[in-house]
>>> print(open('protein_23.txt').read())   # compact mmCIF, N, CA and C atoms and all ligand atoms
# COMPACT_ATOMS: atom_id res chain seq x y z
N MET N 1280 122.64 48.10 65.11
CA MET N 1280 122.35 48.94 63.96
C MET N 1280 121.00 48.57 63.36
N LYS N 1281 120.18 49.62 63.15
CA LYS N 1281 118.92 49.43 62.45
C LYS N 1281 119.06 50.10 61.09
N TYR N 1282 118.51 49.48 60.08
CA TYR N 1282 118.58 50.12 58.77
C TYR N 1282 117.34 49.81 57.96
N CYS N 1283 117.06 50.71 57.03
CA CYS N 1283 115.85 50.62 56.24
C CYS N 1283 116.11 49.81 54.98
N LEU N 1284 115.16 48.94 54.65
CA LEU N 1284 115.27 48.15 53.43
C LEU N 1284 114.82 48.93 52.22
N ASN N 1285 114.17 50.06 52.43
CA ASN N 1285 113.56 50.82 51.33
C ASN N 1285 114.31 52.09 50.97
N CYS N 1286 115.13 52.59 51.87
CA CYS N 1286 115.89 53.81 51.60
C CYS N 1286 117.19 53.75 52.39
N ASP N 1287 117.92 54.85 52.42
CA ASP N 1287 119.23 54.85 53.05
C ASP N 1287 119.19 55.14 54.54
N TRP N 1288 117.99 55.19 55.11
CA TRP N 1288 117.86 55.51 56.53
C TRP N 1288 118.53 54.44 57.38
N GLN N 1289 119.17 54.86 58.45
CA GLN N 1289 119.72 53.91 59.42
C GLN N 1289 119.89 54.61 60.75
N ALA N 1290 119.98 53.81 61.80
CA ALA N 1290 120.18 54.35 63.13
C ALA N 1290 121.12 53.44 63.90
N SER N 1291 122.07 54.07 64.55
CA SER N 1291 122.95 53.31 65.42
C SER N 1291 122.73 53.74 66.86
N ALA N 1292 123.29 53.01 67.78
CA ALA N 1292 123.11 53.32 69.19
C ALA N 1292 123.90 54.53 69.62
N THR N 1293 124.74 55.04 68.74
CA THR N 1293 125.67 56.09 69.15
C THR N 1293 125.30 57.47 68.63
N ASP N 1294 124.33 57.56 67.72
CA ASP N 1294 124.12 58.86 67.07
C ASP N 1294 123.03 59.70 67.72
N ASP N 1295 122.36 59.18 68.72
CA ASP N 1295 121.32 59.97 69.38
C ASP N 1295 121.11 59.38 70.75
N SER N 1296 121.26 60.19 71.77
CA SER N 1296 121.28 59.65 73.12
C SER N 1296 119.90 59.56 73.76
N ASP N 1297 118.95 60.35 73.28
CA ASP N 1297 117.67 60.40 73.99
C ASP N 1297 116.60 59.49 73.40
N ARG N 1298 116.86 58.91 72.26
CA ARG N 1298 115.92 57.96 71.69
C ARG N 1298 116.68 56.74 71.24
N SER N 1299 116.17 55.57 71.57
CA SER N 1299 116.85 54.35 71.21
C SER N 1299 116.76 54.10 69.71
N PRO N 1300 117.73 53.38 69.16
CA PRO N 1300 117.65 53.01 67.74
C PRO N 1300 116.35 52.29 67.42
N SER N 1301 115.89 51.46 68.34
CA SER N 1301 114.63 50.74 68.11
C SER N 1301 113.48 51.72 67.97
N ARG N 1302 113.45 52.73 68.84
CA ARG N 1302 112.37 53.69 68.79
C ARG N 1302 112.45 54.52 67.51
N LYS N 1303 113.66 54.91 67.13
CA LYS N 1303 113.83 55.67 65.90
C LYS N 1303 113.42 54.85 64.69
N ALA N 1304 113.73 53.55 64.74
CA ALA N 1304 113.35 52.67 63.64
C ALA N 1304 111.83 52.56 63.54
N ILE N 1305 111.18 52.46 64.69
CA ILE N 1305 109.72 52.40 64.71
C ILE N 1305 109.14 53.69 64.15
N ASP N 1306 109.72 54.82 64.58
CA ASP N 1306 109.25 56.10 64.07
C ASP N 1306 109.40 56.18 62.55
N HIS N 1307 110.54 55.71 62.05
CA HIS N 1307 110.75 55.75 60.60
C HIS N 1307 109.72 54.88 59.89
N HIS N 1308 109.47 53.72 60.46
CA HIS N 1308 108.47 52.83 59.86
C HIS N 1308 107.09 53.49 59.87
N VAL N 1309 106.73 54.09 60.99
CA VAL N 1309 105.41 54.70 61.12
C VAL N 1309 105.28 55.87 60.13
N GLU N 1310 106.35 56.64 60.00
CA GLU N 1310 106.30 57.82 59.15
C GLU N 1310 106.30 57.48 57.67
N THR N 1311 107.00 56.42 57.29
CA THR N 1311 107.23 56.14 55.88
C THR N 1311 106.59 54.85 55.39
N GLY N 1312 106.30 53.94 56.32
CA GLY N 1312 105.81 52.62 55.92
C GLY N 1312 106.92 51.71 55.44
N HIS N 1313 108.17 52.17 55.58
CA HIS N 1313 109.31 51.36 55.15
C HIS N 1313 109.55 50.21 56.11
N THR N 1314 110.27 49.23 55.62
CA THR N 1314 110.61 48.07 56.44
C THR N 1314 112.00 48.26 57.04
N ILE N 1315 112.09 48.13 58.34
CA ILE N 1315 113.37 48.28 59.03
C ILE N 1315 113.95 46.91 59.34
N ASP N 1316 115.23 46.76 59.03
CA ASP N 1316 115.91 45.51 59.34
C ASP N 1316 117.02 45.81 60.35
N SER N 1317 117.41 44.78 61.07
CA SER N 1317 118.48 44.95 62.04
C SER N 1317 118.98 43.59 62.45
N SER N 1318 119.98 43.59 63.30
CA SER N 1318 120.50 42.33 63.80
C SER N 1318 119.48 41.60 64.67
N ASP N 1319 118.49 42.35 65.12
CA ASP N 1319 117.44 41.77 65.94
C ASP N 1319 116.34 41.14 65.10
N GLY N 1320 116.42 41.34 63.78
CA GLY N 1320 115.39 40.85 62.90
C GLY N 1320 114.51 41.98 62.41
N VAL N 1321 113.67 41.67 61.47
CA VAL N 1321 112.81 42.69 60.89
C VAL N 1321 111.71 43.04 61.88
N ILE N 1322 111.52 44.33 62.07
CA ILE N 1322 110.45 44.80 62.93
C ILE N 1322 109.11 44.49 62.27
N PRO N 1323 108.22 43.81 62.97
CA PRO N 1323 106.93 43.46 62.37
C PRO N 1323 106.12 44.69 62.02
N LEU N 1324 105.30 44.54 61.01
CA LEU N 1324 104.49 45.67 60.57
C LEU N 1324 103.51 46.09 61.64
N THR N 1325 103.05 45.12 62.42
CA THR N 1325 102.14 45.43 63.51
C THR N 1325 102.91 45.31 64.82
N ILE N 1326 103.10 46.43 65.44
CA ILE N 1326 103.88 46.46 66.68
C ILE N 1326 102.91 46.60 67.84
N VAL N 1327 102.87 45.59 68.66
CA VAL N 1327 101.85 45.57 69.72
C VAL N 1327 102.41 45.94 71.08
N ASP N 1328 103.74 46.02 71.18
CA ASP N 1328 104.33 46.25 72.50
C ASP N 1328 104.86 47.67 72.64
N GLU N 1329 104.38 48.58 71.78
CA GLU N 1329 104.83 49.98 71.86
C GLU N 1329 103.61 50.89 71.95
N PRO N 1330 102.93 50.88 73.08
CA PRO N 1330 101.70 51.68 73.21
C PRO N 1330 101.96 53.17 73.10
N ALA N 1331 103.23 53.56 73.20
CA ALA N 1331 103.56 54.99 73.17
C ALA N 1331 103.60 55.54 71.75
N ILE N 1332 103.46 54.65 70.76
CA ILE N 1332 103.49 55.13 69.37
C ILE N 1332 102.40 56.16 69.14
N SER N 1333 102.81 57.25 68.62
CA SER N 1333 101.86 58.33 68.31
C SER N 1333 102.45 59.20 67.23
N LEU N 1334 101.60 59.71 66.39
CA LEU N 1334 102.07 60.64 65.37
C LEU N 1334 102.24 62.04 65.93
N VAL N 1335 101.79 62.23 67.16
CA VAL N 1335 101.92 63.54 67.79
C VAL N 1335 103.34 63.69 68.32
N ARG N 1336 103.99 64.75 67.90
CA ARG N 1336 105.36 64.99 68.33
C ARG N 1336 105.37 65.81 69.62
N GLU N 1337 106.31 65.48 70.46
CA GLU N 1337 106.43 66.23 71.70
C GLU N 1337 106.99 67.62 71.43
ZN ZN O 1401 113.18 54.21 54.83
>>> encode(input="protein_23.txt", output="structure tokens")
Amino acid sequence: MKYCLNCDWQASATDDSDRSPSRKAIDHHVETGHTIDSSDGVIPLTIVDEPAISLVRE
């Protein structure tokens, strides 16, 4: 489970099959600047291992 520390946003592994919770969490962070927390720890503000990040939607 990923959840936002700034609003009620959250993502689980079961609610969307085509995008991972991690990716959705990154998208939420990119879109809002909010901090995402999860059992994996807080996603760093600077994400260097996701070169696919883009504001352009498919
Ligand atoms: Zn949020």
>>> atom_distance(input="protein_23.txt", atom1="atom N of Val1309 of chain N", atom2="atom CA of Cys1283 of chain N")
10.9 Å
>>> residues_near_ligand(input="protein_23.txt", ligand="ligand ZN 1401 (chain O)", cutoff="5 Å", atoms="all atoms listed in the file", output="list in words")
Cys1283, Asn1285, Cys1286, Trp1288 and His1313 of chain N
>>> atom_distance(input="protein_23.txt", atom1="atom N of Glu1310 of chain N", atom2="atom N of Leu1284 of chain N")
12.9 Å
>>> atom_distance(input="protein_23.txt", atom1="atom CA of Thr1314 of chain N", atom2="atom CA of Ser1299 of chain N")
17.2 Å
